[in-house]
$ cat entry11.txt   # compact mmCIF, C-alpha atoms
# COMPACT_ATOMS: atom_id res chain seq x y z
CA MET A 248 13.73 63.42 -117.93
CA ALA A 249 15.03 60.21 -119.32
CA MET A 250 12.19 58.20 -117.86
CA LEU A 251 10.72 55.25 -119.59
CA LYS A 252 7.80 55.81 -121.89
CA LYS A 253 4.73 55.33 -119.74
CA VAL A 254 1.14 54.83 -120.58
CA CYS A 255 -1.26 57.36 -119.13
CA LYS A 256 -2.45 56.05 -115.81
CA LEU A 257 -5.92 57.45 -116.32
CA CYS A 258 -6.23 55.91 -119.77
CA GLU A 259 -5.22 52.59 -118.28
CA ARG A 260 -8.02 52.86 -115.80
CA SER A 261 -10.36 54.14 -118.51
CA ILE A 262 -11.27 57.25 -116.56
CA ARG A 263 -13.05 59.48 -119.02
CA GLN A 264 -13.38 62.60 -116.97
CA VAL A 265 -11.15 63.64 -114.09
CA ASN A 266 -13.25 64.70 -111.16
CA TYR A 267 -12.11 67.74 -109.19
CA LYS A 268 -13.74 66.35 -106.04
CA ASP A 269 -11.52 63.26 -106.01
CA GLU A 270 -8.59 64.77 -104.19
CA HIS A 271 -7.01 61.38 -103.49
CA LEU A 272 -6.64 60.74 -107.18
CA LEU A 273 -5.47 64.30 -107.83
CA SER A 274 -2.93 64.19 -105.02
CA ARG A 275 -0.95 61.70 -107.09
CA PHE A 276 -0.40 64.36 -109.71
CA VAL A 277 1.07 67.00 -107.44
CA THR A 278 4.46 67.20 -105.76
CA ASP A 279 4.78 66.96 -101.99
CA ARG A 280 4.73 70.74 -102.03
CA GLY A 281 1.51 70.80 -103.95
CA LYS A 282 2.73 71.79 -107.40
CA ILE A 283 1.19 70.16 -110.44
CA LEU A 284 3.51 67.50 -111.81
CA PRO A 285 4.50 67.83 -115.45
CA ARG A 286 3.53 65.22 -117.99
CA ARG A 287 7.10 64.02 -118.25
CA ALA A 288 6.90 62.92 -114.64
CA THR A 289 3.50 61.29 -114.70
CA GLY A 290 3.30 60.08 -118.27
CA SER A 291 -0.21 61.42 -118.65
CA CYS A 292 -1.64 61.85 -122.10
CA ALA A 293 -2.43 65.36 -123.30
CA ARG A 294 -6.13 65.21 -122.75
CA HIS A 295 -5.88 63.83 -119.26
CA GLN A 296 -3.12 66.25 -118.32
CA ARG A 297 -5.40 69.14 -119.24
CA GLN A 298 -8.20 67.62 -117.20
CA ILE A 299 -5.87 67.01 -114.28
CA ALA A 300 -4.64 70.60 -114.32
CA THR A 301 -8.15 72.03 -114.37
CA ALA A 302 -9.33 69.63 -111.70
CA ILE A 303 -6.40 70.43 -109.41
CA LYS A 304 -7.04 74.14 -109.74
CA ARG A 305 -10.68 73.67 -108.87
CA ALA A 306 -9.81 71.43 -105.96
CA ARG A 307 -7.41 74.07 -104.67
CA TYR A 308 -10.07 76.73 -104.76
CA LEU A 309 -12.35 74.45 -102.76
CA ALA A 310 -9.61 73.84 -100.18
CA LEU A 311 -9.56 70.14 -101.03
CA LEU A 312 -5.94 70.49 -102.06
CA PRO A 313 -3.46 73.05 -100.77
CA TYR A 314 -1.98 75.71 -102.99
CA ILE A 315 1.28 75.24 -101.10
CA ARG A 316 1.89 72.48 -98.62
CA ASP A 317 4.03 72.85 -95.48
CA TYR A 318 4.93 76.44 -96.16
CA GLN A 319 6.34 78.08 -93.04
CA MET G 1312 -31.20 74.82 -119.81
CA HIS G 1313 -27.85 73.62 -118.63
CA GLU G 1314 -26.87 71.18 -116.00
CA TYR G 1315 -24.61 72.60 -113.33
CA GLU G 1316 -22.92 71.38 -110.24
CA ILE G 1317 -22.27 73.50 -107.20
CA VAL G 1318 -20.06 72.89 -104.19
CA TYR G 1319 -20.83 74.94 -101.11
CA ILE G 1320 -18.47 75.36 -98.19
CA PHE G 1321 -20.34 76.53 -95.13
CA ARG G 1322 -18.88 77.72 -91.87
CA SER G 1323 -18.47 74.62 -89.71
CA SER G 1324 -20.07 76.28 -86.69
CA LEU G 1325 -23.47 76.11 -88.37
CA THR G 1326 -25.88 73.41 -87.32
CA SER G 1327 -27.21 71.07 -89.95
CA GLU G 1328 -30.65 72.66 -89.59
CA GLU G 1329 -29.21 76.07 -90.38
CA ILE G 1330 -27.45 74.66 -93.42
CA ASP G 1331 -30.58 72.94 -94.62
CA GLY G 1332 -32.46 76.19 -94.21
CA LYS G 1333 -29.90 78.07 -96.25
CA LEU G 1334 -29.86 75.45 -98.96
CA GLU G 1335 -33.62 75.58 -99.16
CA ARG G 1336 -33.49 79.33 -99.55
CA PHE G 1337 -30.82 79.15 -102.25
CA HIS G 1338 -32.51 76.40 -104.17
CA ALA G 1339 -35.88 78.07 -103.94
CA LEU G 1340 -34.50 80.79 -106.17
CA LEU G 1341 -33.47 78.19 -108.74
CA THR G 1342 -36.65 76.20 -108.71
CA GLU G 1343 -38.76 79.35 -108.72
CA GLN G 1344 -38.85 79.46 -112.49
CA THR G 1345 -37.96 76.44 -114.54
CA GLY G 1346 -34.99 75.15 -112.61
CA GLN G 1347 -34.71 71.72 -111.12
CA ILE G 1348 -32.50 70.31 -108.37
CA SER G 1349 -31.49 66.79 -109.26
CA ALA G 1350 -29.20 65.81 -106.39
CA VAL G 1351 -27.95 67.14 -103.08
CA GLU G 1352 -25.09 65.43 -101.32
CA HIS G 1353 -23.82 66.36 -97.87
CA TRP G 1354 -20.17 65.65 -97.30
CA GLY G 1355 -20.35 66.88 -93.74
CA LYS G 1356 -17.62 68.59 -91.82
CA ARG G 1357 -14.18 68.41 -93.35
CA GLN G 1358 -10.83 69.94 -92.64
CA LEU G 1359 -9.85 72.61 -95.15
CA ALA G 1360 -6.52 72.20 -96.90
CA TYR G 1361 -5.73 75.76 -95.87
CA PRO G 1362 -7.57 78.20 -93.62
CA ILE G 1363 -10.20 80.36 -95.28
CA GLY G 1364 -10.46 83.48 -93.20
CA LYS G 1365 -10.15 82.12 -89.70
CA GLU G 1366 -11.95 78.89 -90.45
CA ARG G 1367 -10.03 75.63 -90.47
CA ASN G 1368 -12.99 73.39 -91.12
CA GLY G 1369 -15.89 73.61 -93.48
CA HIS G 1370 -19.18 71.91 -94.09
CA TYR G 1371 -19.27 70.74 -97.69
CA VAL G 1372 -22.43 70.28 -99.71
CA VAL G 1373 -22.56 69.28 -103.38
CA ALA G 1374 -25.66 69.78 -105.49
CA GLN G 1375 -26.58 69.27 -109.10
CA PHE G 1376 -29.24 71.32 -110.78
CA GLU G 1377 -30.59 72.23 -114.15
CA VAL G 1378 -31.38 75.85 -114.79
CA GLU G 1379 -31.40 78.58 -117.41
CA PRO G 1380 -27.98 80.24 -117.58
CA ALA G 1381 -29.65 83.64 -117.30
CA SER G 1382 -30.76 82.97 -113.74
CA LEU G 1383 -27.26 82.26 -112.47
CA PRO G 1384 -26.12 85.86 -111.83
CA GLU G 1385 -28.98 86.45 -109.43
CA PHE G 1386 -28.31 83.13 -107.74
CA GLU G 1387 -24.66 84.00 -107.29
CA ARG G 1388 -25.55 87.40 -105.90
CA LEU G 1389 -27.61 85.68 -103.22
CA LEU G 1390 -24.73 83.35 -102.43
CA LYS G 1391 -22.26 86.17 -102.09
CA LEU G 1392 -24.48 87.97 -99.60
CA ASP G 1393 -24.33 85.03 -97.23
CA GLU G 1394 -21.55 85.49 -94.71
CA ASP G 1395 -21.74 81.90 -93.52
CA LEU G 1396 -21.01 80.54 -96.95
CA LEU G 1397 -17.24 80.52 -96.99
CA ARG G 1398 -16.94 79.60 -100.62
CA TYR G 1399 -18.85 78.10 -103.51
CA LEU G 1400 -17.99 76.81 -106.95
CA ILE G 1401 -20.43 76.45 -109.82
CA VAL G 1402 -19.29 74.38 -112.78
CA LEU G 1403 -21.01 72.74 -115.69
CA SER G 1404 -21.92 69.27 -114.57
CA GLU G 1405 -19.81 66.53 -116.02
CA GLY G 1406 -22.63 64.08 -115.71
CA GLU G 1407 -21.25 62.28 -112.69
CA LEU G 1408 -23.07 61.91 -109.45
CA PRO G 1409 -21.53 63.67 -106.49
CA LEU G 1410 -19.14 61.47 -104.58
CA PRO G 1411 -20.13 60.38 -101.11
CA PRO G 1412 -18.47 62.10 -98.16
CA SER G 1413 -15.64 60.11 -96.67
CA MET G 1414 -15.93 57.04 -98.85
CA ARG G 1415 -13.94 58.60 -101.63
CA THR G 1416 -10.80 56.54 -101.24
CA ASP G 1417 -12.76 53.32 -101.15
CA MET G 1418 -14.92 54.47 -104.02
CA ARG G 1419 -11.95 55.08 -106.22
CA THR G 1420 -10.37 51.70 -105.73
CA GLU G 1421 -13.71 49.95 -105.92
CA THR G 1422 -14.63 51.50 -109.23
CA ALA G 1423 -11.19 50.85 -110.61
CA ARG G 1424 -11.28 47.24 -109.59
CA GLY G 1425 -14.88 46.79 -110.56
CA GLU G 1426 -14.31 47.91 -114.09
CA ARG G 1427 -11.10 46.13 -114.89
CA PRO G 1428 -9.97 43.87 -112.07
CA PRO G 1429 -6.86 42.21 -113.49
CA GLU G 1430 -4.94 45.25 -114.70
CA SER G 1431 -5.84 48.13 -112.47
CA GLY G 1432 -5.43 46.18 -109.24
CA PRO G 1433 -1.64 45.90 -109.15
CA ASP G 1434 -1.14 49.19 -110.99
CA GLY G 1435 -3.26 51.22 -108.62
CA GLY G 1436 -1.45 49.86 -105.60
CA GLY G 1437 2.27 50.17 -105.89
CA GLU G 1438 3.25 52.06 -108.99
CA PRO G 1439 1.70 55.52 -108.63
CA GLU G 1440 2.95 56.16 -105.12
CA ALA G 1441 6.47 55.39 -106.10
CA GLU G 1442 6.19 57.81 -108.98
CA VAL G 1443 4.93 60.74 -107.00
CA LYS G 1444 7.15 60.44 -103.99
CA SER G 1445 10.47 59.41 -105.41
CA GLU G 1446 11.68 60.00 -108.90
CA PRO G 1447 14.93 58.10 -109.06
CA GLU G 1448 15.46 56.96 -112.60
CA THR G 1449 17.46 53.95 -111.56
CA GLU G 1450 14.63 52.58 -109.48
CA SER G 1451 11.90 53.09 -112.01
CA GLU G 1452 13.55 50.87 -114.57
CA PRO G 1453 13.58 47.62 -112.62
CA GLU G 1454 10.13 48.45 -111.33
CA THR G 1455 8.52 48.41 -114.70
CA GLU G 1456 10.09 45.18 -115.80
CA PRO G 1457 8.48 42.88 -113.25
CA GLU G 1458 5.25 44.74 -113.86
CA ALA G 1459 5.32 43.79 -117.52
CA GLU G 1460 5.83 40.22 -116.46
CA THR G 1461 2.89 40.24 -114.10
CA GLU G 1462 0.52 41.70 -116.65
CA PRO G 1463 0.21 38.72 -118.94
CA GLU G 1464 -0.44 36.56 -115.91
CA ALA G 1465 -3.24 38.76 -114.82
CA GLU G 1466 -4.70 38.81 -118.28
CA SER G 1467 -4.64 35.08 -118.67
CA GLU G 1468 -6.71 34.66 -115.53
CA PRO G 1469 -10.26 33.91 -116.51
CA GLU G 1470 -12.62 36.48 -115.05
CA PRO G 1471 -15.82 35.31 -113.39
CA GLU G 1472 -17.53 38.44 -114.68
CA THR G 1473 -19.29 38.24 -117.99
CA GLU G 1474 -16.86 40.14 -120.12
CA PRO G 1475 -17.16 39.23 -123.76
CA GLU G 1476 -13.76 40.66 -124.60
CA PRO G 1477 -10.92 38.20 -124.17
CA GLU G 1478 -8.25 40.91 -124.03
CA PRO G 1479 -8.84 43.76 -121.63
CA GLU G 1480 -6.16 45.77 -123.34
CA THR G 1481 -8.40 46.61 -126.24
CA GLU G 1482 -10.19 49.26 -124.17
CA PRO G 1483 -7.46 51.82 -123.54
CA GLU G 1484 -6.13 51.75 -127.06
CA PRO G 1485 -8.90 53.62 -128.85
CA GLU G 1486 -8.64 56.41 -126.28
CA GLU G 1487 -5.00 56.93 -127.04
CA GLU G 1488 -5.73 57.11 -130.70
CA LYS G 1489 -8.19 59.92 -130.15
CA ASP G 1490 -5.58 62.01 -128.45

$ encode --input "entry11.txt" --output "structure tokens"
Amino acid sequence: MAMLKKVCKLCERSIRQVNYKDEHLLSRFVTDRGKILPRRATGSCARHQRQIATAIKRARYLALLPYIRDYQ
Amino acid sequence: MHEYEIVYIFRSSLTSEEIDGKLERFHALLTEQTGQISAVEHWGKRQLAYPIGKERNGHYVVAQFEVEPASLPEFERLLKLDEDLLRYLIVLSEGELPLPPSMRTDMRTETARGERPPESGPDGGGEPEAEVKSEPETESEPETEPEAETEPEAESEPEPETEPEPEPETEPEPEEEKD
């Protein structure tokens, strides 16, 4: 919670639109179990967080990302 | 007319000829009237993140096309009838070209470095991984400090590229203001 104020990583890289096909980029915004990380953990800005969430959900549907990872 | 993007996941047991044949049949329906296929990108065989049915692998194809929205329901009906098409996703195109198959990791770093070499290079390497994997608050503090020190160094380096802006930091700022 008490993390340092971070600048949005995607803004830093000037990524305008998050692509749902880029699962390597998206995998940074999920936990090791595959849950979407909250903004307080990643420091994403509001617009990019919305894009990330949508993109991750699309990527999950396309089996690019798991819904749950390592579930036994 | 709207521009759409579709991702197909075909059963991996299909041959590439069979897939091409199916794509031709699907796209014929789109181009029949006023539609237009602008790009087709084959990702090839890929492991699925989770099994779909009994399939563990899928053959991915991405295509972009421009078509009247009214013709989509019929197109989707045709797709759903195909048993060998494990899954598909149609979204409004975001104007980007489909990413090449397995080059995606390299693509990402290349584009990041190509656009803004001094800043995104060190940031893209070490910082994000540490954030995702471990979230110890004690570690993150010292991490950011040396980073802040390295940034001015990177900025002061004269870039061989023809960038008219002396400070690369001016780019991200307007975006933040919009939000």

$ residues_near_point --input "entry11.txt" --point "(-37.6, 67.4, -113.0)" --cutoff "12 Å" --atoms "only C-alpha atoms" --output "list in words"
Met1312, Glu1314, Thr1342, Thr1345, Gly1346, Gln1347, Ile1348, Ser1349, Ala1350, Gln1375, Phe1376, Glu1377 and Val1378 of chain G

$ atom_distance --input "entry11.txt" --atom1 "CA of Ile1401 in chain G" --atom2 "CA of Glu1387 in chain G"
9.0 Å

$ interface_residues --input "entry11.txt" --of "chain A" --to "chain G" --cutoff "6 Å" --atoms "all atoms listed in the file" --output "PyMOL selection string"
chain A and resi 258-259+275+310-313

$ write_last_selection --input "entry11.txt" --atoms "C-alpha atoms" --output "PDB file, in the coordinates of the input"
ATOM      1  CA  CYS A 258      -6.230  55.910-119.770  1.00  0.00           C
ATOM      2  CA  GLU A 259      -5.220  52.590-118.280  1.00  0.00           C
ATOM      3  CA  ARG A 275      -0.950  61.700-107.090  1.00  0.00           C
ATOM      4  CA  ALA A 310      -9.610  73.840-100.180  1.00  0.00           C
ATOM      5  CA  LEU A 311      -9.560  70.140-101.030  1.00  0.00           C
ATOM      6  CA  LEU A 312      -5.940  70.490-102.060  1.00  0.00           C
ATOM      7  CA  PRO A 313      -3.460  73.050-100.770  1.00  0.00           C
TER       8      PRO A 313
END

$ atom_distance --input "entry11.txt" --atom1 "CA of Glu1316 in chain G" --atom2 "CA of Ala1374 in chain G"
5.7 Å

$ atom_distance --input "entry11.txt" --atom1 "CA of Gly281 in chain A" --atom2 "CA of Lys253 in chain A"
22.3 Å

$ residues_around --input "entry11.txt" --residues "Asn266 in chain A" --least-positions-apart "6" --cutoff "9 Å" --atoms "all atoms listed in the file" --output "MDAnalysis selection string"
(chainID A and resid 272:273 298:299 302) or (chainID G and resid 1405 1407)

$ write_last_selection --input "entry11.txt" --atoms "C-alpha atoms" --output "CSV table (one decimal), keeping the file's coordinate frame"
chain,number,residue,atom,x,y,z
A,272,LEU,CA,-6.6,60.7,-107.2
A,273,LEU,CA,-5.5,64.3,-107.8
A,298,GLN,CA,-8.2,67.6,-117.2
A,299,ILE,CA,-5.9,67.0,-114.3
A,302,ALA,CA,-9.3,69.6,-111.7
G,1405,GLU,CA,-19.8,66.5,-116.0
G,1407,GLU,CA,-21.2,62.3,-112.7

$ axis_aligned_box --input "entry11.txt" --around "range 299-314 of chain A" --padding-each-side "3 Å" --output "AutoDock Vina command-line options"
--center_x -7.2 --center_y 71.9 --center_z -107.3 --size_x 16.4 --size_y 15.7 --size_z 20.2

$ residues_near_point --input "entry11.txt" --point "(0.2, 70.9, -112.7)" --cutoff "12 Å" --atoms "only C-alpha atoms" --output "compact mmCIF listing (two decimals) with C-alpha atoms, in the frame of the given file"
# COMPACT_ATOMS: atom_id res chain seq x y z
CA LEU A 273 -5.47 64.30 -107.83
CA SER A 274 -2.93 64.19 -105.02
CA ARG A 275 -0.95 61.70 -107.09
CA PHE A 276 -0.40 64.36 -109.71
CA VAL A 277 1.07 67.00 -107.44
CA THR A 278 4.46 67.20 -105.76
CA ARG A 280 4.73 70.74 -102.03
CA GLY A 281 1.51 70.80 -103.95
CA LYS A 282 2.73 71.79 -107.40
CA ILE A 283 1.19 70.16 -110.44
CA LEU A 284 3.51 67.50 -111.81
CA PRO A 285 4.50 67.83 -115.45
CA ARG A 286 3.53 65.22 -117.99
CA ARG A 287 7.10 64.02 -118.25
CA ALA A 288 6.90 62.92 -114.64
CA THR A 289 3.50 61.29 -114.70
CA SER A 291 -0.21 61.42 -118.65
CA HIS A 295 -5.88 63.83 -119.26
CA GLN A 296 -3.12 66.25 -118.32
CA ARG A 297 -5.40 69.14 -119.24
CA GLN A 298 -8.20 67.62 -117.20
CA ILE A 299 -5.87 67.01 -114.28
CA ALA A 300 -4.64 70.60 -114.32
CA THR A 301 -8.15 72.03 -114.37
CA ALA A 302 -9.33 69.63 -111.70
CA ILE A 303 -6.40 70.43 -109.41
CA LYS A 304 -7.04 74.14 -109.74
CA ARG A 305 -10.68 73.67 -108.87
CA ARG A 307 -7.41 74.07 -104.67
CA TYR A 314 -1.98 75.71 -102.99
